[in-house]
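Visitor: Enclosed is the structure file query.cif (mmCIF, C-alpha atoms).
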data_run
#
loop_
_atom_site.group_PDB
_atom_site.id
_atom_site.type_symbol
_atom_site.label_atom_id
_atom_site.label_comp_id
_atom_site.auth_asym_id
_atom_site.auth_seq_id
_atom_site.Cartn_x
_atom_site.Cartn_y
_atom_site.Cartn_z
ATOM 1 C CA MET P 10 32.676 17.669 36.031
ATOM 2 C CA VAL P 11 29.243 17.002 37.566
ATOM 3 C CA GLN P 12 27.753 19.591 35.241
ATOM 4 C CA ILE P 13 29.364 17.952 32.220
ATOM 5 C CA ASN P 14 27.905 14.561 33.219
ATOM 6 C CA ARG P 15 24.458 16.112 33.512
ATOM 7 C CA VAL P 16 24.801 17.713 30.091
ATOM 8 C CA GLU P 17 25.922 14.382 28.660
ATOM 9 C CA GLN P 18 22.946 12.605 30.228
ATOM 10 C CA TYR P 19 20.631 15.300 28.874
ATOM 11 C CA MET P 20 22.087 14.952 25.395
ATOM 12 C CA ARG P 21 21.730 11.166 25.496
ATOM 13 C CA GLY P 22 18.099 11.560 26.548
ATOM 14 C CA LEU P 23 17.533 14.044 23.756
ATOM 15 C CA ALA P 24 19.131 11.706 21.210
ATOM 16 C CA ILE P 25 16.898 8.802 22.347
ATOM 17 C CA ALA P 26 13.813 11.028 22.242
ATOM 18 C CA LEU P 27 14.657 12.245 18.739
ATOM 19 C CA CYS P 28 15.327 8.714 17.574
ATOM 20 C CA THR P 29 12.005 7.559 19.007
ATOM 21 C CA THR P 30 10.216 10.469 17.310
ATOM 22 C CA ALA P 31 11.911 9.855 13.973
ATOM 23 C CA CYS P 32 11.144 6.132 14.070
ATOM 24 C CA SER P 33 7.517 6.658 15.023
ATOM 25 C CA LEU P 34 6.746 9.048 12.165
ATOM 26 C CA ASN P 35 4.485 7.703 9.445
ATOM 27 C CA PRO P 36 3.995 4.413 11.300
ATOM 28 C CA ASN P 37 3.062 1.412 9.226
ATOM 29 C CA THR P 38 0.339 -0.235 11.265
ATOM 30 C CA GLU P 39 -1.345 -1.950 8.342
ATOM 31 C CA PRO P 40 -0.976 -5.709 8.863
ATOM 32 C CA ILE P 41 0.443 -7.977 6.169
ATOM 33 C CA ARG P 42 -2.295 -9.749 4.216
ATOM 34 C CA GLN P 43 -1.269 -13.128 2.936
ATOM 35 C CA ILE P 44 -3.429 -14.983 0.454
ATOM 36 C CA GLU P 45 -3.350 -18.409 -1.119
ATOM 37 C CA ILE P 46 -3.243 -18.287 -4.904
ATOM 38 C CA GLN P 47 -4.457 -21.351 -6.809
ATOM 39 C CA GLN P 48 -1.912 -21.156 -9.621
ATOM 40 C CA ASN P 49 1.145 -21.491 -7.480
ATOM 41 C CA TRP P 50 4.654 -21.143 -8.852
ATOM 42 C CA VAL P 51 7.668 -21.728 -6.637
ATOM 43 C CA ILE P 52 9.179 -18.353 -7.550
ATOM 44 C CA GLN P 53 7.094 -15.513 -6.160
ATOM 45 C CA PRO P 54 7.404 -11.714 -6.313
ATOM 46 C CA GLY P 55 9.598 -10.605 -3.403
ATOM 47 C CA ASP P 56 11.793 -13.745 -3.510
ATOM 48 C CA ARG P 57 15.528 -13.348 -3.922
ATOM 49 C CA ILE P 58 17.431 -15.226 -6.595
ATOM 50 C CA GLY P 59 21.208 -14.850 -6.833
ATOM 51 C CA GLY P 60 20.918 -11.794 -4.598
ATOM 52 C CA HIS P 61 18.326 -10.156 -6.866
ATOM 53 C CA ILE P 62 14.702 -9.485 -5.940
ATOM 54 C CA VAL P 63 11.975 -11.028 -8.092
ATOM 55 C CA MET P 64 9.660 -8.143 -9.031
ATOM 56 C CA ALA P 65 6.844 -9.995 -10.818
ATOM 57 C CA GLY P 66 5.565 -13.516 -11.295
ATOM 58 C CA LEU P 67 2.836 -15.580 -12.879
ATOM 59 C CA GLY P 68 -0.088 -13.512 -14.119
ATOM 60 C CA ASP P 69 1.531 -10.100 -13.657
ATOM 61 C CA ILE P 70 1.296 -7.428 -16.332
ATOM 62 C CA SER P 71 4.425 -5.256 -16.289
ATOM 63 C CA ILE P 72 3.952 -1.586 -16.992
ATOM 64 C CA ARG P 73 6.547 1.160 -17.377
ATOM 65 C CA LEU P 74 4.939 3.441 -14.816
ATOM 66 C CA GLY P 75 7.357 6.294 -14.195
ATOM 67 C CA GLY P 76 5.096 7.904 -11.598
ATOM 68 C CA GLN P 77 2.169 7.155 -9.352
ATOM 69 C CA ALA P 78 -0.446 4.412 -9.327
ATOM 70 C CA TYR P 79 -3.919 5.455 -8.155
ATOM 71 C CA ALA P 80 -6.739 3.718 -6.297
ATOM 72 C CA PRO P 81 -9.391 2.721 -8.868
ATOM 73 C CA PHE P 82 -12.094 2.843 -6.163
ATOM 74 C CA ALA P 83 -12.296 3.748 -2.495
ATOM 75 C CA GLY P 84 -10.656 0.856 -0.687
ATOM 76 C CA ARG P 85 -7.763 -0.431 1.344
ATOM 77 C CA VAL P 86 -4.077 -0.950 0.585
ATOM 78 C CA GLN P 87 -2.397 -3.754 2.536
ATOM 79 C CA PRO P 88 1.163 -5.047 2.343
ATOM 80 C CA ASN P 89 1.419 -8.541 0.874
ATOM 81 C CA SER P 90 5.174 -9.137 0.548
ATOM 82 C CA SER P 91 8.341 -7.062 0.559
ATOM 83 C CA GLU P 92 7.594 -5.886 -3.007
ATOM 84 C CA CYS P 93 3.802 -6.100 -3.308
ATOM 85 C CA VAL P 94 0.599 -4.625 -1.892
ATOM 86 C CA LEU P 95 -2.997 -5.793 -2.221
ATOM 87 C CA PHE P 96 -5.805 -3.377 -3.008
ATOM 88 C CA SER P 97 -9.375 -4.323 -2.077
ATOM 89 C CA SER P 98 -12.594 -2.357 -2.333
ATOM 90 C CA PRO P 99 -16.140 -2.877 -1.022
ATOM 91 C CA ASP P 100 -17.276 -1.606 -4.445
ATOM 92 C CA VAL P 101 -15.639 -4.583 -6.172
ATOM 93 C CA PRO P 102 -16.569 -7.710 -4.223
ATOM 94 C CA ALA P 103 -14.805 -10.977 -5.015
ATOM 95 C CA TYR P 104 -11.688 -9.310 -6.449
ATOM 96 C CA LEU P 105 -8.256 -8.250 -5.234
ATOM 97 C CA PHE P 106 -5.630 -6.314 -7.135
ATOM 98 C CA ARG P 107 -1.938 -6.990 -6.538
ATOM 99 C CA LEU P 108 0.528 -4.190 -7.254
ATOM 100 C CA CYS P 109 4.258 -4.930 -7.074
ATOM 101 C CA GLY P 110 7.298 -2.691 -7.439
ATOM 102 C CA LEU P 111 5.869 0.470 -5.883
ATOM 103 C CA GLY P 112 7.531 2.683 -3.277
ATOM 104 C CA SER P 113 6.259 5.616 -1.172
ATOM 105 C CA LEU P 114 3.258 3.467 -0.318
ATOM 106 C CA ASN P 115 0.020 4.877 0.986
ATOM 107 C CA LEU P 116 -1.116 1.967 3.155
ATOM 108 C CA GLY P 117 -4.538 1.713 4.767
ATOM 109 C CA GLU P 118 -7.815 3.288 3.689
ATOM 110 C CA VAL P 119 -7.650 5.325 0.464
ATOM 111 C CA GLN P 120 -10.187 7.250 -1.563
ATOM 112 C CA ALA P 121 -10.778 6.651 -5.269
ATOM 113 C CA GLY P 122 -8.062 8.461 -7.216
ATOM 114 C CA GLU P 123 -5.705 8.728 -4.257
ATOM 115 C CA ALA P 124 -2.133 7.567 -4.854
ATOM 116 C CA ILE P 125 -1.321 4.005 -3.793
ATOM 117 C CA GLY P 126 2.398 4.406 -4.426
ATOM 118 C CA SER P 127 4.906 5.278 -7.094
ATOM 119 C CA GLY P 128 7.704 3.674 -9.035
ATOM 120 C CA ASP P 129 9.409 3.197 -12.382
ATOM 121 C CA PHE P 130 7.681 -0.109 -13.064
ATOM 122 C CA LEU P 131 4.422 -1.663 -11.910
ATOM 123 C CA ALA P 132 3.637 -5.377 -11.958
ATOM 124 C CA PHE P 133 -0.128 -5.747 -11.768
ATOM 125 C CA ALA P 134 -2.355 -8.791 -11.250
ATOM 126 C CA THR P 135 -6.127 -9.250 -10.812
ATOM 127 C CA LEU P 136 -7.245 -11.993 -8.436
ATOM 128 C CA ARG P 137 -10.713 -13.514 -8.193
ATOM 129 C CA LYS P 138 -12.027 -15.206 -5.061
ATOM 130 C CA GLN P 139 -12.819 -18.913 -5.177
ATOM 131 C CA PRO P 140 -15.479 -20.750 -3.152
ATOM 132 C CA ASP P 141 -12.753 -22.455 -1.070
ATOM 133 C CA GLY P 142 -11.287 -19.107 0.020
ATOM 134 C CA THR P 143 -8.283 -19.223 -2.321
ATOM 135 C CA TRP P 144 -7.681 -16.723 -5.128
ATOM 136 C CA THR P 145 -7.146 -17.284 -8.805
ATOM 137 C CA ILE P 146 -5.288 -15.011 -11.203
ATOM 138 C CA VAL P 147 -7.513 -13.735 -14.020
ATOM 139 C CA GLU P 148 -6.947 -11.568 -17.075
ATOM 140 C CA PRO P 149 -7.311 -7.926 -16.025
ATOM 141 C CA ALA P 150 -9.613 -5.579 -17.900
ATOM 142 C CA LYS P 151 -8.199 -2.423 -19.488
ATOM 143 C CA ASP P 152 -10.780 -0.279 -17.696
ATOM 144 C CA ILE P 153 -9.406 -1.052 -14.234
ATOM 145 C CA LEU P 154 -5.813 -0.612 -15.397
ATOM 146 C CA GLU P 155 -6.645 2.787 -16.855
ATOM 147 C CA ARG P 156 -8.176 3.882 -13.562
ATOM 148 C CA ILE P 157 -4.990 2.802 -11.787
ATOM 149 C CA LEU P 158 -2.623 4.480 -14.238
ATOM 150 C CA LYS P 159 -4.370 7.765 -15.052
ATOM 151 C CA PRO P 160 -4.378 10.629 -12.548
ATOM 152 C CA PRO P 161 -7.930 11.523 -11.433
ATOM 153 C CA MET X 4 39.761 20.576 32.799
ATOM 154 C CA SER X 5 41.126 17.456 31.089
ATOM 155 C CA ASP X 6 37.853 15.608 31.892
ATOM 156 C CA LEU X 7 35.916 18.397 30.258
ATOM 157 C CA GLU X 8 38.094 18.204 27.159
ATOM 158 C CA GLY X 9 37.675 14.409 27.056
ATOM 159 C CA ASP X 10 33.874 14.666 27.226
ATOM 160 C CA LEU X 11 33.490 17.345 24.559
ATOM 161 C CA PRO X 12 33.936 15.077 21.509
ATOM 162 C CA ILE X 13 31.221 12.751 22.895
ATOM 163 C CA LEU X 14 28.940 15.732 23.425
ATOM 164 C CA LYS X 15 29.602 16.968 19.914
ATOM 165 C CA LEU X 16 28.919 13.526 18.485
ATOM 166 C CA LEU X 17 25.672 13.240 20.426
ATOM 167 C CA LEU X 18 24.631 16.712 19.357
ATOM 168 C CA LEU X 19 25.443 15.916 15.726
ATOM 169 C CA GLY X 20 23.567 12.634 15.924
ATOM 170 C CA GLY X 21 20.573 14.368 17.474
ATOM 171 C CA LEU X 22 20.553 17.047 14.796
ATOM 172 C CA PHE X 23 20.866 14.446 12.060
ATOM 173 C CA LEU X 24 17.930 12.465 13.449
ATOM 174 C CA MET X 25 15.867 15.622 13.860
ATOM 175 C CA GLY X 26 16.594 16.582 10.250
ATOM 176 C CA PHE X 27 15.609 13.112 9.079
ATOM 177 C CA ALA X 28 12.400 13.257 11.120
ATOM 178 C CA LEU X 29 11.496 16.660 9.680
ATOM 179 C CA MET X 30 12.204 15.497 6.117
ATOM 180 C CA ALA X 31 10.028 12.419 6.618
ATOM 181 C CA ASP X 32 7.268 14.594 8.026
ATOM 182 C CA VAL X 33 7.520 17.135 5.192
ATOM 183 C CA ARG X 34 7.282 14.326 2.612
ATOM 184 C CA ARG X 35 4.148 13.042 4.365
ATOM 185 C CA VAL X 36 2.639 16.527 4.549
ATOM 186 C CA GLY X 37 3.532 17.111 0.891
ATOM 187 C CA SER X 38 1.785 13.927 -0.183
ATOM 188 C CA LEU X 39 -1.259 14.755 1.939
ATOM 189 C CA VAL X 40 -1.461 18.246 0.438
ATOM 190 C CA SER X 41 -1.100 16.980 -3.140
ATOM 191 C CA ASN X 42 -3.770 14.342 -2.478
ATOM 192 C CA SER X 43 -6.164 16.853 -0.947
ATOM 193 C CA LEU X 44 -5.616 19.322 -3.793
ATOM 194 C CA SER X 45 -6.286 16.749 -6.503
ATOM 195 C CA VAL X 46 -9.888 16.336 -7.558
ATOM 196 C CA SER X 47 -11.142 12.932 -6.466
ATOM 197 C CA PRO X 48 -13.723 11.227 -8.654
ATOM 198 C CA PRO X 49 -17.124 10.794 -6.971
ATOM 199 C CA PRO X 50 -17.680 7.557 -5.058
ATOM 200 C CA GLU X 51 -19.531 4.762 -6.792
ATOM 201 C CA ILE X 52 -23.186 5.781 -6.801
ATOM 202 C CA CYS X 53 -26.465 4.168 -7.751
ATOM 203 C CA GLN X 54 -27.613 4.262 -11.342
ATOM 204 C CA GLY X 55 -31.118 3.656 -12.632
ATOM 205 C CA ASP X 56 -34.102 3.143 -10.355
ATOM 206 C CA ILE X 57 -33.775 3.421 -6.602
ATOM 207 C CA HIS X 58 -36.190 1.387 -4.486
ATOM 208 C CA ALA X 59 -36.009 3.397 -1.298
ATOM 209 C CA ASP X 60 -38.147 0.981 0.705
ATOM 210 C CA VAL X 61 -35.787 -1.974 0.198
ATOM 211 C CA VAL X 62 -33.777 -3.125 3.222
ATOM 212 C CA LEU X 63 -32.276 -6.499 4.013
ATOM 213 C CA SER X 64 -33.459 -8.309 7.151
ATOM 214 C CA ARG X 65 -31.185 -10.356 9.403
ATOM 215 C CA GLU X 66 -32.968 -13.531 8.325
ATOM 216 C CA LYS X 67 -32.418 -12.872 4.619
ATOM 217 C CA LEU X 68 -28.796 -11.912 5.252
ATOM 218 C CA ALA X 69 -28.205 -15.141 7.198
ATOM 219 C CA ALA X 70 -29.744 -17.194 4.381
ATOM 220 C CA PHE X 71 -27.693 -15.324 1.770
ATOM 221 C CA LEU X 72 -24.428 -15.978 3.637
ATOM 222 C CA THR X 73 -24.930 -19.744 3.257
ATOM 223 C CA ILE X 74 -24.569 -19.470 -0.533
ATOM 224 C CA SER X 75 -21.043 -19.943 -1.828
ATOM 225 C CA GLU X 76 -19.345 -18.059 -4.634
ATOM 226 C CA ARG X 77 -19.927 -19.426 -8.154
ATOM 227 C CA ASP X 78 -23.495 -20.426 -7.335
ATOM 228 C CA LEU X 79 -26.346 -19.336 -9.601
ATOM 229 C CA LYS X 80 -27.332 -15.675 -9.666
ATOM 230 C CA SER X 81 -30.995 -16.734 -9.642
ATOM 231 C CA ARG X 82 -30.489 -18.616 -6.351
ATOM 232 C CA VAL X 83 -29.084 -15.471 -4.691
ATOM 233 C CA GLN X 84 -31.811 -13.264 -6.155
ATOM 234 C CA GLU X 85 -34.451 -15.672 -4.867
ATOM 235 C CA ILE X 86 -33.320 -14.856 -1.336
ATOM 236 C CA LEU X 87 -32.364 -11.200 -1.672
ATOM 237 C CA GLN X 88 -35.058 -10.246 -4.201
ATOM 238 C CA GLN X 89 -35.197 -6.719 -5.617
ATOM 239 C CA PRO X 90 -32.139 -4.568 -4.747
ATOM 240 C CA TYR X 91 -32.176 -1.030 -3.413
ATOM 241 C CA CYS X 92 -30.233 -0.015 -6.536
ATOM 242 C CA GLN X 93 -27.544 -1.091 -8.979
ATOM 243 C CA LEU X 94 -24.038 0.346 -9.142
ATOM 244 C CA PRO X 95 -22.708 1.022 -12.651
ATOM 245 C CA GLY X 96 -21.599 -2.089 -14.532
ATOM 246 C CA ILE X 97 -17.826 -2.591 -14.593
ATOM 247 C CA GLU X 98 -15.364 -4.804 -16.391
ATOM 248 C CA VAL X 99 -12.922 -6.136 -13.807
ATOM 249 C CA ARG X 100 -11.625 -9.087 -15.787
ATOM 250 C CA ALA X 101 -11.264 -8.920 -19.526
ATOM 251 C CA GLY X 102 -14.419 -9.567 -21.516
ATOM 252 C CA VAL X 103 -16.768 -9.971 -18.535
ATOM 253 C CA ILE X 104 -19.165 -7.242 -17.409
ATOM 254 C CA SER X 105 -19.956 -7.319 -13.697
ATOM 255 C CA GLU X 106 -23.302 -6.287 -12.234
ATOM 256 C CA ARG X 107 -23.410 -4.927 -8.704
ATOM 257 C CA ALA X 108 -26.596 -4.927 -6.620
ATOM 258 C CA VAL X 109 -26.914 -2.944 -3.389
ATOM 259 C CA TYR X 110 -28.942 -3.836 -0.272
ATOM 260 C CA PRO X 111 -28.927 -1.581 2.836
ATOM 261 C CA LEU X 112 -29.134 -3.602 6.049
ATOM 262 C CA ALA X 113 -32.428 -3.177 7.932
ATOM 263 C CA PHE X 114 -30.650 -3.158 11.298
ATOM 264 C CA ASP X 115 -27.858 -0.798 10.115
ATOM 265 C CA PRO X 116 -28.965 1.214 7.053
ATOM 266 C CA GLN X 117 -25.555 2.943 6.802
ATOM 267 C CA THR X 118 -24.088 -0.427 5.862
ATOM 268 C CA TRP X 119 -24.687 -1.684 2.330
ATOM 269 C CA LEU X 120 -24.345 -5.245 1.162
ATOM 270 C CA VAL X 121 -22.818 -5.089 -2.323
ATOM 271 C CA VAL X 122 -23.303 -8.263 -4.371
ATOM 272 C CA LEU X 123 -21.383 -8.863 -7.582
ATOM 273 C CA TYR X 124 -22.639 -11.042 -10.425
ATOM 274 C CA GLU X 125 -20.912 -12.073 -13.630
ATOM 275 C CA GLY X 126 -23.396 -13.306 -16.207
ATOM 276 C CA GLU X 127 -25.600 -15.892 -14.494
ATOM 277 C CA GLU X 128 -23.029 -16.491 -11.784
ATOM 278 C CA TYR X 129 -22.807 -15.053 -8.267
ATOM 279 C CA ALA X 130 -19.186 -13.946 -7.725
ATOM 280 C CA GLY X 131 -19.107 -12.558 -4.177
ATOM 281 C CA TYR X 132 -20.086 -9.820 -1.749
ATOM 282 C CA GLN X 133 -18.649 -7.060 0.430
ATOM 283 C CA PHE X 134 -20.048 -4.722 3.054
ATOM 284 C CA ARG X 135 -19.712 -1.029 2.274
ATOM 285 C CA PHE X 136 -19.927 1.442 5.158
ATOM 286 C CA GLN X 137 -21.568 4.678 4.103
ATOM 287 C CA ALA X 138 -20.272 7.921 5.589
ATOM 288 C CA ALA X 139 -22.984 9.612 7.668
ATOM 289 C CA GLU X 140 -24.317 12.702 5.878
#
Go ahead and render the structure in this file as structure tokens.
Guide:
Amino acid sequence: MVQINRVEQYMRGLAIALCTTACSLNPNTEPIRQIEIQQNWVIQPGDRIGGHIVMAGLGDISIRLGGQAYAPFAGRVQPNSSECVLFSSPDVPAYLFRLCGLGSLNLGEVQAGEAIGSGDFLAFATLRKQPDGTWTIVEPAKDILERILKPP
Amino acid sequence: MSDLEGDLPILKLLLLGGLFLMGFALMADVRRVGSLVSNSLSVSPPPEICQGDIHADVVLSREKLAAFLTISERDLKSRVQEILQQPYCQLPGIEVRAGVISERAVYPLAFDPQTWLVVLYEGEEYAGYQFRFQAAE
């Protein structure tokens, strides 16, 4: 009986250890980056309406992706909301790129051409920094979109 | 004996749970390894590099940097250039927003040459800056 209790304790310890290991794999330590956008609509990507998630909003270009999206430059991928990430690069001052709808995210520092994430659809927006620290949505150039969509 | 029989289902459940979690952990790890391998096997494009003339003697002093940081975005390009003067080099022009070509000027910091100040202009307007940390060669 004593032996059985020991085995049970051991198994419980093992289960906790395994759970801890499983939960600590691929840790997401990248902090959420929240930004203030000048053109503000009430409904934002990531909101829920009637139990459904809003995937894109004002200024987003929707693309049937069906695969991976790639970093257009060396930079950093940060979570922005439940559905979106922000990509920034020291090579492109004054701009941020918002990518919504991606899964299997590669958060943190990435090299140019490295995958940011993948998904069936991508909602993409280009944001330009304003003197007051807010961001404004601008019309994205094809060149940047091609870099994001085409494998290196 | 009856105690032993009573404990066995709990043990089995714990064992099953442990195995399930271990399997999940291994799958998660394999996915991560797989993505790392595919990323390392793919050919990455070269990092953004200087084009045109390189002025190797150009570095940015603390004083000039401090003066530059007082200028806000959307100010005149000429006002920024008055302070920073000739850049170390230019990065290739890019079109970030439709119909507007961006110029990017590079200034290594005098007190930390591995750090570059990258300044972006659009037409006659100063758009913003970022610091780029160069990998040591």
Visitor: If we count only C-alpha atoms, what is near Gly68 in chain P at a cut-off of 10 Å, once residues fewer than 4 positions away on the same chain are taken out, given as a list in words?
Guide: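 Here the answer would be Gln48, Ala132, Phe133, Ala134, Thr135, Leu136, Thr145, Ile146, Val147, Glu148 and Pro149 of chain P.
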Visitor: For the selection just defined, write its residues with C-alpha atoms to a file, as a PDB file, in the frame of the given file.
Guide:
ATOM      1  CA  GLN P  48      -1.912 -21.156  -9.621  1.00  0.00           C
ATOM      2  CA  ALA P 132       3.637  -5.377 -11.958  1.00  0.00           C
ATOM      3  CA  PHE P 133      -0.128  -5.747 -11.768  1.00  0.00           C
ATOM      4  CA  ALA P 134      -2.355  -8.791 -11.250  1.00  0.00           C
ATOM      5  CA  THR P 135      -6.127  -9.250 -10.812  1.00  0.00           C
ATOM      6  CA  LEU P 136      -7.245 -11.993  -8.436  1.00  0.00           C
ATOM      7  CA  THR P 145      -7.146 -17.284  -8.805  1.00  0.00           C
ATOM      8  CA  ILE P 146      -5.288 -15.011 -11.203  1.00  0.00           C
ATOM      9  CA  VAL P 147      -7.513 -13.735 -14.020  1.00  0.00           C
ATOM     10  CA  GLU P 148      -6.947 -11.568 -17.075  1.00  0.00           C
ATOM     11  CA  PRO P 149      -7.311  -7.926 -16.025  1.00  0.00           C
TER      12      PRO P 149
END
Visitor: Return as a ChimeraX atom specification the set of residues that the PyMOL selection byres ((chain P) within 6 of (chain X)) yields on the displayed structure.
Guide: /P:24,31,99,102-103,122,140,148-150
Visitor: Put those residues in a file: C-alpha atoms, as an mmCIF file, in the coordinates of the input.
Guide:
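Final output, saved to selection-v3.cif:
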data_model
loop_
_atom_site.group_PDB
_atom_site.id
_atom_site.type_symbol
_atom_site.label_atom_id
_atom_site.label_comp_id
_atom_site.auth_asym_id
_atom_site.auth_seq_id
_atom_site.Cartn_x
_atom_site.Cartn_y
_atom_site.Cartn_z
ATOM 1 C CA ALA P 24 19.131 11.706 21.210
ATOM 2 C CA ALA P 31 11.911 9.855 13.973
ATOM 3 C CA PRO P 99 -16.140 -2.877 -1.022
ATOM 4 C CA PRO P 102 -16.569 -7.710 -4.223
ATOM 5 C CA ALA P 103 -14.805 -10.977 -5.015
ATOM 6 C CA GLY P 122 -8.062 8.461 -7.216
ATOM 7 C CA PRO P 140 -15.479 -20.750 -3.152
ATOM 8 C CA GLU P 148 -6.947 -11.568 -17.075
ATOM 9 C CA PRO P 149 -7.311 -7.926 -16.025
ATOM 10 C CA ALA P 150 -9.613 -5.579 -17.900
#
Visitor: Go ahead and compute the interatomic distance for CA of Ser64 in chain X and CA of Ala113 in chain X, in Å to one decimal.
Guide: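 CA of Ala113 in chain X lies 5.3 Å from CA of Ser64 in chain X.
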Visitor: At a cut-off of 9 Å, using all atoms listed in the file, what residues contact His58 in chain X? Leave out same-chain residues fewer than 6 positions from it and give the result as a list in words.
Guide: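 My reading of the contact set: Gln89, Pro90, Tyr91 and Cys92 of chain X.
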Visitor: Translate the PyMOL selection byres ((chain P and resi 108) around 7), as applied to the file shown, into an explicit residue set as a compact mmCIF listing (two decimals) with C-alpha atoms, in the coordinates of the input.
Guide:
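What follows is the written file out_39.txt:
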# COMPACT_ATOMS: atom_id res chain seq x y z
CA CYS P 93 3.80 -6.10 -3.31
CA VAL P 94 0.60 -4.62 -1.89
CA LEU P 95 -3.00 -5.79 -2.22
CA PHE P 106 -5.63 -6.31 -7.14
CA ARG P 107 -1.94 -6.99 -6.54
CA CYS P 109 4.26 -4.93 -7.07
CA GLY P 110 7.30 -2.69 -7.44
CA LEU P 131 4.42 -1.66 -11.91
CA ALA P 132 3.64 -5.38 -11.96
CA PHE P 133 -0.13 -5.75 -11.77
CA ALA P 134 -2.36 -8.79 -11.25
Visitor: Quick check on the file I pasted: which residues fall under the PyMOL selection byres ((chain P and resi 156) around 10)? Write them as JSON, numbers by chain.
Guide: {"P": [78, 79, 80, 81, 82, 121, 122, 151, 152, 153, 154, 155, 157, 158, 159, 160, 161]}
Visitor: Please dump the current selection as an mmCIF file, keeping the file's coordinate frame; keep C-alpha atoms.
Guide:
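again_37.cif was written with the following content:
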data_model
loop_
_atom_site.group_PDB
_atom_site.id
_atom_site.type_symbol
_atom_site.label_atom_id
_atom_site.label_comp_id
_atom_site.auth_asym_id
_atom_site.auth_seq_id
_atom_site.Cartn_x
_atom_site.Cartn_y
_atom_site.Cartn_z
ATOM 1 C CA ALA P 78 -0.446 4.412 -9.327
ATOM 2 C CA TYR P 79 -3.919 5.455 -8.155
ATOM 3 C CA ALA P 80 -6.739 3.718 -6.297
ATOM 4 C CA PRO P 81 -9.391 2.721 -8.868
ATOM 5 C CA PHE P 82 -12.094 2.843 -6.163
ATOM 6 C CA ALA P 121 -10.778 6.651 -5.269
ATOM 7 C CA GLY P 122 -8.062 8.461 -7.216
ATOM 8 C CA LYS P 151 -8.199 -2.423 -19.488
ATOM 9 C CA ASP P 152 -10.780 -0.279 -17.696
ATOM 10 C CA ILE P 153 -9.406 -1.052 -14.234
ATOM 11 C CA LEU P 154 -5.813 -0.612 -15.397
ATOM 12 C CA GLU P 155 -6.645 2.787 -16.855
ATOM 13 C CA ILE P 157 -4.990 2.802 -11.787
ATOM 14 C CA LEU P 158 -2.623 4.480 -14.238
ATOM 15 C CA LYS P 159 -4.370 7.765 -15.052
ATOM 16 C CA PRO P 160 -4.378 10.629 -12.548
ATOM 17 C CA PRO P 161 -7.930 11.523 -11.433
#
Visitor: Calculate how many Å separate CA of Val86 in chain P from CA of Thr143 in chain P, rounding to one decimal.
Guide: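 Rounded to one decimal, the two atoms are 19.0 Å apart.
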Visitor: Mind pulling up the distance from CA of Gln87 in chain P to CA of Phe71 in chain X?
Guide: 27.8 Å
